[in-house]
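Here the structure is laid out as structure tokens; the discussion comes afterwards.
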Amino acid sequence: MDASLPKQERLCGKTAVAALFEHGKSFQSGCLRCKYLRRESSDAARIIISVPKRNFKRAVKRNLLKRRIRESYRRQKALVAPGMDILFIYTLREVLPYEAIYADMTKALESLGNE
RNA sequence: UUGGCAGGACGAUCUGUCGCGGUCCUUUUGGGCCGAGGAAAGUCCGCACAGGACAGGGCACCCGUCUGUGGAAAGCACAGUGGGGAGUAAUCUUCAAAUAGCGUAACAGAAAAUAACCGCCGGAGUUUUUUAUUUUUUUCUCCGGUAAGGGUGAAAACGCGGGGUAAGAGCCCACGACGUUGUAUGGCGACAUGCCGCGGGUACGCUACCGGGCCUGCAAGACCAAAUAUACCGGCAGCCGAGGGCUGCCCGCCUGAUGCCGGGGGGUAGGUUGCGCCAGAUAAAUGACAGAUUCAAAAACAGAAAGCGGCUUACGGCCCUGCCAAGCUU
RNA sequence: CGGGAUGUGGCGCAGUUGGUAGCGCAUCUGGUUUGGGACCAGAGGGUCGCAAGUUCGAGUCUUGUCAUCCCGA
């Protein structure tokens with residue numbers, strides 16, 4: 001199973017992010033809030049991760065959460081259909097351990113597959 | 001041994017699986033090497049760099065303020081000088097020049113800075129006693145002298161003793177404290193010590209004085225440059241109807257002057273550079289899991305976005321050196 | 001990344017030259033009313049964000065620090 005996460009599978013650029021925020025649909029799954037948009041393309045899915053500065057003032061905690069979310073997505077990216085742009089926002093005010101984030105990511109990707 | 005003070009060093013290492021950024025080699029898979037901190041933080045000072053402004057000078061505004069050395073400079077470092085404070089001590093901490101002018105000092109208190117409210121003393125008048133008058137004593141008023149004493153207050157006009165005086169006063173004297181001209185010695189210097197002389201109201205703030213400072217900041221700035229609209233230039237078509245709308249196409253109807261093509265400047269998205277030649281991106285890289293080691297679950301504070309010199313703040317634990325206090329042993 | 005502002009009773013705010021920390025609403029008590037509201041009288045409630053410094057004395061002055069909000073690009 002390919003568990004890598006190269007740059008082509010990460011969402012970059014102002015216009016793409018703006019389009020996702022403007023037109024995407026969203027739902028809540030545990031500590032994560034997902035926002036997604038289906039593109040007219042068969043490329044691999046692209047993701048972007050966000051941890052609000054309002055909830056975590058120190059950059060160390062924000063980086064730690066972003067790495068845990070990215071790691072849990074990387075392990076389970078086979079569940080996602082191609083052509084999706086996905087945004088993950090961490091909405092809690094406390095730092096959760098890796099196992100909890102991994103479980104929430106599983107639920108999020110499963111419900112994304114049912115859409 | 002316990003407690004403390006000061007200084008310094010460190011801020012995990014290794015193995016496996018998966019994964020990320022850069023670079024090099026192959027270029028189809030892959031492989032080698034490098035990959036966060038002592039504070040990367042706060043953005044409190046300074047520098048360099050970049051753009052803008054600018055003949056020269058002044059005012060205003062802002063910052064600094066004991067001395068020496070280092071330094072590009074710094075609200076910088078090191079060493080020192082003189083006061084104040086904390087601690088039994090080791091030690092730590094805080095402040096700072098000189099002269100002149102101006103201002104403030106609530107409440108309390110007579111008075112808060114050219115000091116006479118009470119008191120003390122002298123003189124004149126008046127009154128009382130004795131009375132022939134003066135002297136003495138007493139009451140009150142006026143004039144003058146006087147900083148020894150007066151609940152206060154943060155602060156009360158050098159301290160203490162003696163002389164002196166009507167009463168007093170550095171008014172005079174001895175000792176002492178403070179400031180200061182001169183001088184000698186020591187020190188690069190701030191300054192210290194001694195001698196001679198002089199002086200006498202405290203604290204704080206502001207101004208003058210001395211030194212420094214143009215403004216804005218890497219999202220600064222430089223370059224390349226889609227789509228769309230378009231200054232300008234050229235060509236073609238055009239009131240004998242181009243083009244547009246009803247409408248996906250034709251006819252028809254309505255509208256009625258610009259339309260098409262090419263070049264091209266500025267410039268947006270985006271990119272390159274600034275930017276690091278052993279970290280270096282441009283939505284932004286160091287992580288996840290398992291195990292070993294040292295007493296120990298590797299845990300504290302914390303994540304580079306242009307660079308450098310400092311400051312400040314946060315921080316678990318361990319080690320080394322010197323010193324202080326107390327107790328015990330020899 | 002750069003620039004600016006504000007922290008004072010439960011809430012919203014004053015507090016100029018340092019000198020007893022105040023106002024409105026709210027709370028409590030009493031009065032008025034058959035009762036309530038409104039009104040009248042009175043009372044309680046403050047580490048002035050935090051920590052140092054200057055000063056006889058700091059909400060105010062100086063320095064550090066924490067939090068919140070706003071602006072430019």
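Convention: chains lettered A, B, ... in structure tokens order; per-chain residue numbering from 1; ligands numbered from 1 as shown.
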
Please determine the contact residues of chain A with respect to chain B at a cut-off of 12 Å, counting only C-alpha atoms (C1' of nucleotides), and supply them as a ChimeraX atom specification. /A:1-7,10-18,47-50,57-75,87,97-99,102

Using only C-alpha atoms (C1' of nucleotides), which residues sit within 9 Å of A74 in chain B once same-chain residues fewer than 6 positions away are excluded, as a PyMOL selection string? chain B and resi 45-47+309-310

Could you name the residues that touch G46 in chain C at 12 Å or less, counting only C-alpha atoms (C1' of nucleotides), but leaving out those on the same chain fewer than 5 positions away, as number ranges by chain? C: 8-9, 21-22, 59

Residues near G53 in chain C, cut-off 10 Å, only C-alpha atoms (C1' of nucleotides), skip fewer than 5 positions along chain, as an NGL selection string: (:B and (94)) or (:C and (62-63))

Using only N, CA and C atoms (P, O5', C5', C4', C3', O3' and C1' of nucleotides), please write the residues we just selected to a file, as a short mmCIF file (atom, residue, chain, number, x, y, z; two decimals), in the first residue's frame.
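In the end it all went to selection_8.cif:
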data_model
loop_
_atom_site.label_atom_id
_atom_site.label_comp_id
_atom_site.auth_asym_id
_atom_site.auth_seq_id
_atom_site.Cartn_x
_atom_site.Cartn_y
_atom_site.Cartn_z
P U B 94 19.55 45.97 39.68
"O5'" U B 94 19.28 47.43 40.27
"C5'" U B 94 17.97 47.81 40.67
"C4'" U B 94 18.01 49.06 41.53
"C3'" U B 94 18.70 50.26 40.90
"O3'" U B 94 17.84 50.98 40.03
"C1'" U B 94 19.49 49.96 43.11
P U C 62 5.78 57.11 32.13
"O5'" U C 62 7.04 56.34 32.68
"C5'" U C 62 8.34 56.93 32.58
"C4'" U C 62 9.40 55.98 33.14
"C3'" U C 62 9.38 54.57 32.57
"O3'" U C 62 10.02 54.49 31.31
"C1'" U C 62 9.57 54.47 34.93
P U C 63 9.50 53.40 30.23
"O5'" U C 63 10.01 52.01 30.82
"C5'" U C 63 11.40 51.75 30.89
"C4'" U C 63 11.68 50.48 31.68
"C3'" U C 63 11.00 49.22 31.18
"O3'" U C 63 11.64 48.65 30.06
"C1'" U C 63 10.79 49.35 33.52
#

As a PyMOL selection string, which residues of chain A does DSSP assign to helix (DSSP H, G or I)? chain A and resi 7-9+14-23+59-75+77-79+98-114

Keeping only C-alpha atoms, take the residues you just selected and write them out as a PDB file, in the first residue's frame.
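That gives us result32.pdb:
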ATOM      1  CA  LYS A   7       3.430  17.534  -2.736  1.00  0.00           C
ATOM      2  CA  GLN A   8       0.885  16.799  -5.491  1.00  0.00           C
ATOM      3  CA  GLU A   9      -1.484  15.458  -2.809  1.00  0.00           C
ATOM      4  CA  LYS A  14      -4.799  30.948  -2.878  1.00  0.00           C
ATOM      5  CA  THR A  15      -7.417  30.335  -5.562  1.00  0.00           C
ATOM      6  CA  ALA A  16      -7.842  26.618  -4.820  1.00  0.00           C
ATOM      7  CA  VAL A  17      -8.201  27.221  -1.082  1.00  0.00           C
ATOM      8  CA  ALA A  18     -10.628  30.076  -1.705  1.00  0.00           C
ATOM      9  CA  ALA A  19     -12.750  27.866  -3.943  1.00  0.00           C
ATOM     10  CA  LEU A  20     -12.858  25.163  -1.268  1.00  0.00           C
ATOM     11  CA  PHE A  21     -13.977  27.632   1.382  1.00  0.00           C
ATOM     12  CA  GLU A  22     -16.546  29.196  -0.974  1.00  0.00           C
ATOM     13  CA  HIS A  23     -18.215  26.088  -2.374  1.00  0.00           C
ATOM     14  CA  ALA A  59       3.585  27.157  17.530  1.00  0.00           C
ATOM     15  CA  VAL A  60       4.961  23.925  19.007  1.00  0.00           C
ATOM     16  CA  LYS A  61       1.482  22.631  19.862  1.00  0.00           C
ATOM     17  CA  ARG A  62       0.065  23.660  16.483  1.00  0.00           C
ATOM     18  CA  ASN A  63       2.873  21.890  14.648  1.00  0.00           C
ATOM     19  CA  LEU A  64       2.454  18.764  16.783  1.00  0.00           C
ATOM     20  CA  LEU A  65      -1.273  18.538  15.987  1.00  0.00           C
ATOM     21  CA  LYS A  66      -0.750  19.169  12.281  1.00  0.00           C
ATOM     22  CA  ARG A  67       1.845  16.383  12.157  1.00  0.00           C
ATOM     23  CA  ARG A  68      -0.433  13.955  13.970  1.00  0.00           C
ATOM     24  CA  ILE A  69      -3.344  14.720  11.633  1.00  0.00           C
ATOM     25  CA  ARG A  70      -1.169  14.401   8.560  1.00  0.00           C
ATOM     26  CA  GLU A  71       0.265  11.119   9.801  1.00  0.00           C
ATOM     27  CA  SER A  72      -3.173   9.647  10.473  1.00  0.00           C
ATOM     28  CA  TYR A  73      -4.377  10.731   7.013  1.00  0.00           C
ATOM     29  CA  ARG A  74      -1.276   9.289   5.371  1.00  0.00           C
ATOM     30  CA  ARG A  75      -1.929   5.880   6.942  1.00  0.00           C
ATOM     31  CA  LYS A  77      -5.499   7.669   2.430  1.00  0.00           C
ATOM     32  CA  ALA A  78      -6.611   4.565   0.502  1.00  0.00           C
ATOM     33  CA  LEU A  79     -10.161   5.172   1.809  1.00  0.00           C
ATOM     34  CA  TYR A  98      -2.217  10.267  18.311  1.00  0.00           C
ATOM     35  CA  GLU A  99      -4.570   7.303  18.832  1.00  0.00           C
ATOM     36  CA  ALA A 100      -7.632   9.540  19.346  1.00  0.00           C
ATOM     37  CA  ILE A 101      -6.873  11.590  16.257  1.00  0.00           C
ATOM     38  CA  TYR A 102      -6.334   8.381  14.261  1.00  0.00           C
ATOM     39  CA  ALA A 103      -9.799   7.099  15.303  1.00  0.00           C
ATOM     40  CA  ASP A 104     -11.505  10.379  14.454  1.00  0.00           C
ATOM     41  CA  MET A 105      -9.761  10.403  11.080  1.00  0.00           C
ATOM     42  CA  THR A 106     -11.082   6.877  10.376  1.00  0.00           C
ATOM     43  CA  LYS A 107     -14.644   7.998  11.049  1.00  0.00           C
ATOM     44  CA  ALA A 108     -14.204  11.134   8.976  1.00  0.00           C
ATOM     45  CA  LEU A 109     -12.889   9.277   5.946  1.00  0.00           C
ATOM     46  CA  GLU A 110     -15.629   6.640   6.171  1.00  0.00           C
ATOM     47  CA  SER A 111     -18.395   9.226   6.224  1.00  0.00           C
ATOM     48  CA  LEU A 112     -16.646  11.047   3.376  1.00  0.00           C
ATOM     49  CA  GLY A 113     -16.792   7.850   1.365  1.00  0.00           C
ATOM     50  CA  ASN A 114     -20.577   7.616   1.846  1.00  0.00           C
TER      51      ASN A 114
END

For G244 in chain B: contacts at 12 Å, only C-alpha atoms (C1' of nucleotides), fewer than 2 positions along chain excluded, given as a VMD selection string: chain B and resid 242 246 254 to 259

Kindly save the residues from that selection, with N, CA and C atoms (P, O5', C5', C4', C3', O3' and C1' of nucleotides) included, as a JSON list (two decimals), in the first residue's frame.
[["chain", "number", "residue", "atom", "x", "y", "z"],
["B", 242, "A", "P", -23.95, 44.34, -42.02],
["B", 242, "A", "O5'", -22.60, 44.12, -41.23],
["B", 242, "A", "C5'", -21.33, 44.17, -41.91],
["B", 242, "A", "C4'", -20.22, 44.54, -40.97],
["B", 242, "A", "C3'", -20.31, 43.88, -39.59],
["B", 242, "A", "O3'", -19.76, 42.57, -39.59],
["B", 242, "A", "C1'", -19.95, 46.19, -39.32],
["B", 246, "C", "P", -30.48, 37.11, -26.39],
["B", 246, "C", "O5'", -31.94, 37.06, -27.01],
["B", 246, "C", "C5'", -33.05, 37.55, -26.27],
["B", 246, "C", "C4'", -34.30, 37.58, -27.11],
["B", 246, "C", "C3'", -34.73, 36.24, -27.70],
["B", 246, "C", "O3'", -35.45, 35.46, -26.77],
["B", 246, "C", "C1'", -34.84, 37.93, -29.38],
["B", 254, "C", "P", -38.40, 46.25, -37.65],
["B", 254, "C", "O5'", -37.65, 46.41, -36.25],
["B", 254, "C", "C5'", -38.38, 46.66, -35.05],
["B", 254, "C", "C4'", -37.47, 46.62, -33.84],
["B", 254, "C", "C3'", -36.30, 47.58, -33.85],
["B", 254, "C", "O3'", -36.68, 48.89, -33.48],
["B", 254, "C", "C1'", -35.54, 45.45, -33.16],
["B", 255, "U", "P", -35.98, 50.14, -34.13],
["B", 255, "U", "O5'", -34.51, 50.11, -33.50],
["B", 255, "U", "C5'", -34.32, 50.29, -32.10],
["B", 255, "U", "C4'", -32.90, 49.94, -31.69],
["B", 255, "U", "C3'", -31.80, 50.75, -32.36],
["B", 255, "U", "O3'", -31.60, 51.98, -31.71],
["B", 255, "U", "C1'", -31.23, 48.45, -32.39],
["B", 256, "G", "P", -31.37, 53.30, -32.48],
["B", 256, "G", "O5'", -29.91, 53.12, -33.07],
["B", 256, "G", "C5'", -28.79, 52.92, -32.20],
["B", 256, "G", "C4'", -27.56, 52.58, -33.00],
["B", 256, "G", "C3'", -27.09, 53.70, -33.91],
["B", 256, "G", "O3'", -25.67, 53.79, -33.91],
["B", 256, "G", "C1'", -27.58, 51.76, -35.20],
["B", 257, "A", "P", -25.00, 55.18, -33.40],
["B", 257, "A", "O5'", -23.44, 54.91, -33.48],
["B", 257, "A", "C5'", -22.76, 54.22, -32.44],
["B", 257, "A", "C4'", -21.44, 53.69, -32.91],
["B", 257, "A", "C3'", -20.56, 54.73, -33.60],
["B", 257, "A", "O3'", -19.19, 54.42, -33.37],
["B", 257, "A", "C1'", -21.02, 52.98, -35.09],
["B", 258, "U", "P", -18.39, 55.06, -32.07],
["B", 258, "U", "O5'", -17.37, 53.88, -31.76],
["B", 258, "U", "C5'", -17.80, 52.71, -31.12],
["B", 258, "U", "C4'", -18.09, 51.59, -32.10],
["B", 258, "U", "C3'", -17.12, 50.43, -32.13],
["B", 258, "U", "O3'", -17.33, 49.52, -31.05],
["B", 258, "U", "C1'", -17.65, 51.05, -34.34],
["B", 259, "G", "P", -16.07, 48.70, -30.42],
["B", 259, "G", "O5'", -15.91, 47.53, -31.49],
["B", 259, "G", "C5'", -16.93, 46.56, -31.63],
["B", 259, "G", "C4'", -16.72, 45.73, -32.87],
["B", 259, "G", "C3'", -15.42, 44.93, -32.91],
["B", 259, "G", "O3'", -15.51, 43.72, -32.18],
["B", 259, "G", "C1'", -15.76, 46.02, -34.98]]

Which residues, written as an MDAnalysis selection string, have at least one atom at most 12 Å from A208 in chain B, with only C-alpha atoms (C1' of nucleotides) counted and residues fewer than 2 positions away on the same chain left out? chainID B and resid 99:102 206 210

From a backbone DSSP assignment, name each residue in chain A labelled strand (DSSP E), as number ranges by chain. A: 25-29, 32-38, 46-50, 84-90

Which of A:Arg54, A:Ala44, A:Thr91, A:Cys31 sits closest to chain C [using only C-alpha atoms (C1' of nucleotides)]: A:Arg54

Which neighbours of range 178-194 of chain B fall inside 10 Å, counting only C-alpha atoms (C1' of nucleotides), when residues of the same chain fewer than 2 positions from it are skipped, and could you give them as a VMD selection string? chain B and resid 66 to 68 80 to 82 97 158 196 to 200

How would the residues just picked look written out with N, CA and C atoms (P, O5', C5', C4', C3', O3' and C1' of nucleotides) as a PDB file, in the first residue's frame?
ATOM      1  P     C B  66      26.236  58.073  33.757  1.00  0.00           P
ATOM      2  O5'   C B  66      27.531  58.760  34.335  1.00  0.00           O
ATOM      3  C5'   C B  66      27.480  60.001  35.051  1.00  0.00           C
ATOM      4  C4'   C B  66      28.699  60.099  35.933  1.00  0.00           C
ATOM      5  C3'   C B  66      29.956  59.508  35.307  1.00  0.00           C
ATOM      6  O3'   C B  66      30.628  60.456  34.493  1.00  0.00           O
ATOM      7  C1'   C B  66      29.637  58.587  37.451  1.00  0.00           C
ATOM      8  P     U B  67      31.261  59.957  33.068  1.00  0.00           P
ATOM      9  O5'   U B  67      32.559  59.151  33.498  1.00  0.00           O
ATOM     10  C5'   U B  67      33.610  59.802  34.187  1.00  0.00           C
ATOM     11  C4'   U B  67      34.706  58.829  34.534  1.00  0.00           C
ATOM     12  C3'   U B  67      35.232  58.003  33.363  1.00  0.00           C
ATOM     13  O3'   U B  67      36.171  58.718  32.577  1.00  0.00           O
ATOM     14  C1'   U B  67      34.866  56.590  35.228  1.00  0.00           C
ATOM     15  P     G B  68      36.320  58.405  30.991  1.00  0.00           P
ATOM     16  O5'   G B  68      37.143  57.046  30.978  1.00  0.00           O
ATOM     17  C5'   G B  68      38.510  57.030  31.403  1.00  0.00           C
ATOM     18  C4'   G B  68      39.013  55.611  31.531  1.00  0.00           C
ATOM     19  C3'   G B  68      38.957  54.771  30.265  1.00  0.00           C
ATOM     20  O3'   G B  68      40.039  55.018  29.398  1.00  0.00           O
ATOM     21  C1'   G B  68      38.114  53.519  32.085  1.00  0.00           C
ATOM     22  P     G B  80      36.457  44.754  39.873  1.00  0.00           P
ATOM     23  O5'   G B  80      36.330  46.334  39.899  1.00  0.00           O
ATOM     24  C5'   G B  80      37.308  47.103  40.557  1.00  0.00           C
ATOM     25  C4'   G B  80      37.312  48.543  40.092  1.00  0.00           C
ATOM     26  C3'   G B  80      36.596  49.539  40.990  1.00  0.00           C
ATOM     27  O3'   G B  80      37.342  49.847  42.157  1.00  0.00           O
ATOM     28  C1'   G B  80      36.108  50.011  38.729  1.00  0.00           C
ATOM     29  P     U B  81      36.546  50.225  43.504  1.00  0.00           P
ATOM     30  O5'   U B  81      36.052  51.701  43.221  1.00  0.00           O
ATOM     31  C5'   U B  81      36.984  52.752  43.042  1.00  0.00           C
ATOM     32  C4'   U B  81      36.295  54.084  42.914  1.00  0.00           C
ATOM     33  C3'   U B  81      35.266  54.389  43.986  1.00  0.00           C
ATOM     34  O3'   U B  81      35.863  54.844  45.185  1.00  0.00           O
ATOM     35  C1'   U B  81      34.374  54.940  41.875  1.00  0.00           C
ATOM     36  P     G B  82      35.276  54.404  46.601  1.00  0.00           P
ATOM     37  O5'   G B  82      33.982  55.304  46.741  1.00  0.00           O
ATOM     38  C5'   G B  82      34.099  56.723  46.803  1.00  0.00           C
ATOM     39  C4'   G B  82      32.771  57.391  46.638  1.00  0.00           C
ATOM     40  C3'   G B  82      31.663  56.910  47.553  1.00  0.00           C
ATOM     41  O3'   G B  82      31.757  57.454  48.854  1.00  0.00           O
ATOM     42  C1'   G B  82      30.838  57.090  45.352  1.00  0.00           C
ATOM     43  P     A B  97      23.787  63.109  39.457  1.00  0.00           P
ATOM     44  O5'   A B  97      25.171  63.753  39.071  1.00  0.00           O
ATOM     45  C5'   A B  97      26.387  63.187  39.562  1.00  0.00           C
ATOM     46  C4'   A B  97      27.571  63.915  39.002  1.00  0.00           C
ATOM     47  C3'   A B  97      27.507  65.420  39.135  1.00  0.00           C
ATOM     48  O3'   A B  97      27.948  65.836  40.409  1.00  0.00           O
ATOM     49  C1'   A B  97      28.097  64.844  36.927  1.00  0.00           C
ATOM     50  P     C B 158      21.126  75.966  60.150  1.00  0.00           P
ATOM     51  O5'   C B 158      21.667  74.479  60.242  1.00  0.00           O
ATOM     52  C5'   C B 158      22.262  74.008  61.425  1.00  0.00           C
ATOM     53  C4'   C B 158      22.525  72.525  61.336  1.00  0.00           C
ATOM     54  C3'   C B 158      22.906  71.882  62.653  1.00  0.00           C
ATOM     55  O3'   C B 158      21.763  71.534  63.428  1.00  0.00           O
ATOM     56  C1'   C B 158      24.460  71.254  60.991  1.00  0.00           C
ATOM     57  P     C B 196      45.629  72.105  59.174  1.00  0.00           P
ATOM     58  O5'   C B 196      45.504  73.345  58.197  1.00  0.00           O
ATOM     59  C5'   C B 196      46.591  74.262  58.069  1.00  0.00           C
ATOM     60  C4'   C B 196      46.353  75.238  56.956  1.00  0.00           C
ATOM     61  C3'   C B 196      45.025  75.986  56.980  1.00  0.00           C
ATOM     62  O3'   C B 196      45.007  77.044  57.916  1.00  0.00           O
ATOM     63  C1'   C B 196      45.412  75.207  54.798  1.00  0.00           C
ATOM     64  P     G B 197      43.643  77.380  58.686  1.00  0.00           P
ATOM     65  O5'   G B 197      42.727  77.979  57.529  1.00  0.00           O
ATOM     66  C5'   G B 197      43.015  79.274  56.989  1.00  0.00           C
ATOM     67  C4'   G B 197      42.255  79.529  55.726  1.00  0.00           C
ATOM     68  C3'   G B 197      40.748  79.664  55.849  1.00  0.00           C
ATOM     69  O3'   G B 197      40.335  80.906  56.380  1.00  0.00           O
ATOM     70  C1'   G B 197      41.271  78.345  53.960  1.00  0.00           C
ATOM     71  P     C B 198      39.002  81.020  57.236  1.00  0.00           P
ATOM     72  O5'   C B 198      37.871  80.835  56.145  1.00  0.00           O
ATOM     73  C5'   C B 198      37.691  81.815  55.123  1.00  0.00           C
ATOM     74  C4'   C B 198      36.738  81.326  54.057  1.00  0.00           C
ATOM     75  C3'   C B 198      35.314  81.040  54.521  1.00  0.00           C
ATOM     76  O3'   C B 198      34.541  82.212  54.662  1.00  0.00           O
ATOM     77  C1'   C B 198      36.053  79.286  53.126  1.00  0.00           C
ATOM     78  P     G B 199      33.388  82.266  55.804  1.00  0.00           P
ATOM     79  O5'   G B 199      32.282  81.283  55.193  1.00  0.00           O
ATOM     80  C5'   G B 199      31.644  81.602  53.967  1.00  0.00           C
ATOM     81  C4'   G B 199      30.741  80.469  53.532  1.00  0.00           C
ATOM     82  C3'   G B 199      29.641  80.105  54.509  1.00  0.00           C
ATOM     83  O3'   G B 199      28.531  80.968  54.352  1.00  0.00           O
ATOM     84  C1'   G B 199      30.670  78.138  53.667  1.00  0.00           C
ATOM     85  P     G B 200      27.748  81.535  55.663  1.00  0.00           P
ATOM     86  O5'   G B 200      26.516  80.543  55.776  1.00  0.00           O
ATOM     87  C5'   G B 200      25.720  80.256  54.644  1.00  0.00           C
ATOM     88  C4'   G B 200      25.161  78.855  54.712  1.00  0.00           C
ATOM     89  C3'   G B 200      24.139  78.639  55.822  1.00  0.00           C
ATOM     90  O3'   G B 200      23.169  77.709  55.372  1.00  0.00           O
ATOM     91  C1'   G B 200      25.909  77.133  56.110  1.00  0.00           C
TER      92        G B 200
END
